[in-house]
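Engineer: So that you have it, the file is my_file-v9.txt, and it contains compact mmCIF, C-alpha atoms:
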# COMPACT_ATOMS: atom_id res chain seq x y z
CA MET O 1 165.78 174.77 60.28
CA THR O 2 162.21 175.61 61.00
CA ARG O 3 161.12 174.35 57.63
CA GLY O 4 162.99 171.08 57.96
CA GLY O 5 161.53 170.48 61.42
CA MET O 6 157.95 171.06 60.25
CA ALA O 7 158.30 168.88 57.20
CA GLY O 8 159.54 166.01 59.34
CA GLY O 9 156.64 166.48 61.82
CA ARG O 10 154.05 166.40 59.07
CA HIS O 11 155.59 163.28 57.62
CA MET O 12 155.47 161.52 61.01
CA ARG O 13 151.89 162.65 61.65
CA GLY O 14 150.78 161.21 58.28
CA PHE O 15 152.53 157.97 59.06
CA VAL O 16 150.69 157.65 62.39
CA PHE O 17 147.33 158.32 60.72
CA THR O 18 148.10 155.67 58.09
CA ILE O 19 148.92 153.11 60.79
CA ASP O 20 145.74 154.08 62.68
CA ALA O 21 143.57 153.71 59.56
CA THR O 22 145.21 150.37 58.67
CA LEU O 23 144.63 149.02 62.17
CA ALA O 24 140.97 150.13 62.09
CA LEU O 25 140.46 148.48 58.71
CA PHE O 26 142.10 145.28 59.95
CA LEU O 27 139.80 145.18 63.00
CA LEU O 28 136.74 145.79 60.83
CA VAL O 29 137.65 142.95 58.44
CA LEU O 30 138.43 140.66 61.37
CA SER O 31 135.04 141.43 62.95
CA VAL O 32 133.17 140.69 59.70
CA VAL O 33 135.02 137.39 59.27
CA VAL O 34 134.32 136.32 62.87
CA VAL O 35 130.61 137.20 62.64
CA SER O 36 130.26 135.35 59.33
CA PHE O 37 132.02 132.29 60.68
CA LEU O 38 129.92 132.19 63.84
CA SER O 39 126.64 132.61 61.96
CA LEU O 40 127.55 129.72 59.64
CA GLN O 41 128.39 127.60 62.67
CA ALA O 42 125.07 128.52 64.28
CA GLU O 43 123.15 127.15 61.27
CA ASP O 44 124.83 123.78 61.74
CA ALA O 45 124.31 123.68 65.50
CA PRO O 46 122.07 120.86 66.73
CA TYR O 47 120.07 123.33 68.79
CA VAL O 48 118.65 124.92 65.63
CA ARG O 49 117.35 121.53 64.50
CA LEU O 50 115.91 120.86 67.93
CA GLY O 51 114.10 124.20 67.89
CA ILE O 52 112.53 123.56 64.49
CA ALA O 53 111.46 120.04 65.49
CA ARG O 54 109.83 121.44 68.63
CA VAL O 55 108.00 124.06 66.59
CA GLY O 56 106.62 121.23 64.45
CA LYS O 57 105.53 119.15 67.43
CA ASP O 58 103.91 122.16 69.11
CA THR O 59 102.08 123.04 65.89
CA LEU O 60 100.71 119.50 65.62
CA ASN O 61 99.52 119.65 69.24
CA VAL O 62 97.75 122.98 68.59
CA LEU O 63 96.05 121.64 65.46
CA ASP O 64 94.99 118.49 67.32
CA ARG O 65 93.59 120.30 70.36
CA GLN O 66 91.61 122.65 68.16
CA GLY O 67 90.18 119.69 66.22
CA ILE O 68 91.49 121.04 62.92
CA ILE O 69 93.30 117.87 61.81
CA GLU O 70 90.34 115.64 62.60
CA ALA O 71 88.04 117.90 60.58
CA GLY O 72 90.22 117.35 57.50
CA SER O 73 89.35 120.63 55.79
CA THR O 74 92.20 121.64 53.45
CA PRO O 75 91.62 125.43 53.67
CA GLN O 76 91.25 125.26 57.44
CA ILE O 77 94.44 123.19 57.92
CA GLU O 78 96.50 125.39 55.59
CA ALA O 79 95.19 128.57 57.25
CA ALA O 80 96.03 127.13 60.67
CA LEU O 81 99.55 126.20 59.51
CA ASN O 82 100.11 129.72 58.18
CA GLY O 83 98.76 131.23 61.40
CA THR O 84 100.62 128.94 63.79
CA LEU O 85 104.07 128.54 62.23
CA PRO O 86 106.67 131.31 62.24
CA SER O 87 107.01 133.09 58.89
CA ASN O 88 110.48 131.63 58.25
CA VAL O 89 109.29 128.02 58.53
CA GLY O 90 107.48 125.91 55.94
CA ALA O 91 105.52 122.73 56.59
CA HIS O 92 103.90 119.84 54.77
CA LEU O 93 101.40 117.50 56.45
CA GLN O 94 100.56 113.97 55.42
CA VAL O 95 97.61 112.34 57.17
CA SER O 96 97.20 108.57 56.84
CA THR O 97 93.91 107.21 58.13
CA TYR O 98 93.24 103.55 58.85
CA TYR O 99 89.88 102.04 59.72
CA TYR O 100 89.50 99.23 62.20
CA GLU O 101 87.54 96.19 61.12
CA SER O 102 87.59 92.58 62.25
CA GLY O 103 90.61 93.01 64.49
CA SER O 104 92.92 94.72 61.98
CA PHE O 105 93.58 98.13 60.49
CA SER O 106 93.26 98.83 56.76
CA LEU O 107 94.40 101.99 55.00
CA LEU O 108 91.42 104.20 54.27
CA GLY O 109 93.34 107.04 52.61
CA MET O 110 96.15 109.55 52.68
CA LYS O 111 95.84 113.32 52.37
CA ASP O 112 98.56 115.91 51.86
CA TYR O 113 98.40 119.52 53.02
CA GLY O 114 100.80 122.37 52.35
CA PRO O 115 103.71 122.74 49.94
CA LEU O 116 106.54 120.26 49.58
CA PRO O 117 110.04 121.35 50.65
CA SER O 118 112.59 122.31 48.04
CA ASN O 119 115.33 119.78 47.28
CA ASN O 120 118.11 121.81 48.86
CA SER O 121 116.48 122.50 52.24
CA SER O 122 117.14 120.57 55.43
CA THR O 123 113.93 118.97 56.63
CA TYR O 124 112.88 117.83 60.07
CA GLY O 125 109.95 115.72 61.14
CA ALA O 126 107.24 115.55 63.73
CA ARG O 127 104.55 112.91 64.17
CA LEU O 128 101.22 112.68 65.92
CA ASP O 129 99.03 109.59 66.25
CA PHE O 130 95.40 109.72 67.26
CA VAL O 131 92.44 107.37 67.50
CA GLY O 132 88.87 108.15 66.48
CA MET O 133 86.26 106.62 68.77
CA LYS O 134 82.59 105.96 68.02
CA ASN O 135 80.31 104.66 70.78
CA SER O 136 83.36 103.76 72.89
CA VAL O 137 84.75 101.62 70.06
CA VAL O 138 87.81 102.37 67.96
CA ALA O 139 86.56 103.65 64.59
CA ASN O 140 89.81 104.70 62.98
CA TYR O 141 93.46 105.37 63.61
CA SER O 142 95.35 108.27 62.03
CA ILE O 143 99.00 109.17 61.74
CA VAL O 144 99.97 112.75 60.98
CA ARG O 145 103.50 113.25 59.70
CA MET O 146 104.79 116.79 59.45
CA THR O 147 107.81 117.71 57.38
CA ILE O 148 109.14 121.08 58.50
CA TRP O 149 111.97 123.25 57.17
CA GLN O 150 113.41 126.75 57.33
CA LYS O 151 112.60 128.90 54.32
Mind turning this structure into structure tokens?

Structural biologist:
Amino acid sequence: MTRGGMAGGRHMRGFVFTIDATLALFLLVLSVVVVSFLSLQAEDAPYVRLGIARVGKDTLNVLDRQGIIEAGSTPQIEAALNGTLPSNVGAHLQVSTYYYESGSFSLLGMKDYGPLPSNNSSTYGARLDFVGMKNSVVANYSIVRMTIWQK
């Protein structure tokens, strides 16, 4: 009788451990699925796009206040972009400059700075307009368009 009683106890104890391990594995898989689902949802949230667009606008304001855009130096602009933007964000600048003559603006030129985004990345935009003055007269008008994306 002693042997039969012990064998039955061991069998029940193994069954409880199996249920415990199965429940733990189920909770682990459920946690991984929930975290994956929520992180995918976070990428599509409008707040992510808003954050990236604000980073772009802030970067343009920094470059403008430091006079870097107006200087037009390619190495200086690209160094400032690399130093100002977070490492997980890429940016491309396009500067269109118009000169003012006889009451109208004419395109003087366009310059591009930074790499272009890849075809599969979501891009966002920021824009900055500024006027160049000479002797209290409008000399030129420039539009800076920034395309920004997550790497």

Engineer: Give me the residues near segment 145-149 of chain O as a list in words, where near means some atom within 7 Å (using all atoms listed in the file) and where sequence neighbours in that chain fewer than 5 positions away do not count.

Structural biologist: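 Using all atoms listed in the file, the neighbours found are Gly56, Val89, Gly90, Ala91, His92, Leu93, Gln94, Val95, Ser121, Ser122, Thr123, Tyr124, Gly125, Ala126, Arg127 and Leu128 of chain O.
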
Engineer: Rounded to one decimal place, report the atom CA of Val35 of chain O-atom CA of Gln150 of chain O distance in Å.

Structural biologist: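 Atom CA of Gln150 of chain O lies at a distance of 20.8 Å from atom CA of Val35 of chain O.
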
Engineer: Do you have the atom CA of Val55 of chain O-atom CA of Asn140 of chain O distance handy?

Structural biologist: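 Computed distance, atom CA of Val55 of chain O to atom CA of Asn140 of chain O, equals 26.8 Å.
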
Engineer: Pick out the closest residue to Ala80 of chain O from this set: O:Gly14, O:Gly114, O:Gly109, O:Gly51. Count only C-alpha atoms.

Structural biologist: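 Result for the nearest residue to Ala80 of chain O: O:Gly114.
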
Engineer: Between atom CA of Gly72 of chain O and atom CA of Thr59 of chain O, what is the distance, to one decimal in Å?

Structural biologist: 15.6 Å

Engineer: O:Leu40, O:Ala24, O:Met133, O:Leu85: which is nearest Val62 of chain O, counting only C-alpha atoms?

Structural biologist: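 Closest to Val62 of chain O, using only C-alpha atoms: O:Leu85.
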
Engineer: Could you check which of O:Gln76, O:Asn88, O:Gln66, O:Ser102 is closest to Ile52 of chain O, using all atoms listed in the file?

Structural biologist: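 So, comparing all the options, the nearest one is O:Asn88.
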
Engineer: Name the residues within 12 Å of (95.1, 119.0, 68.1), counting all atoms listed in the file in the file's coordinates, and put them as a ChimeraX atom specification.

Structural biologist: /O:57-72,77,80,127-131,144

Engineer: Hey, which of O:Ser142, O:Pro75, O:Val137, O:Lys151 ends up closest to Ser106 of chain O? Count all atoms listed in the file.

Structural biologist: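 Of the candidates, the smallest distance to Ser106 of chain O is held by O:Ser142.
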
Engineer: Box time for segment 12-29 of chain O: axis-aligned, enclosing all its listed atoms, 5 Å extra on each side; report centre and edge lengths in Å to one decimal, as AutoDock Vina command-line options.

Structural biologist:
--center_x 146.1 --center_y 152.8 --center_z 60.5 --size_x 28.7 --size_y 29.7 --size_z 14.9
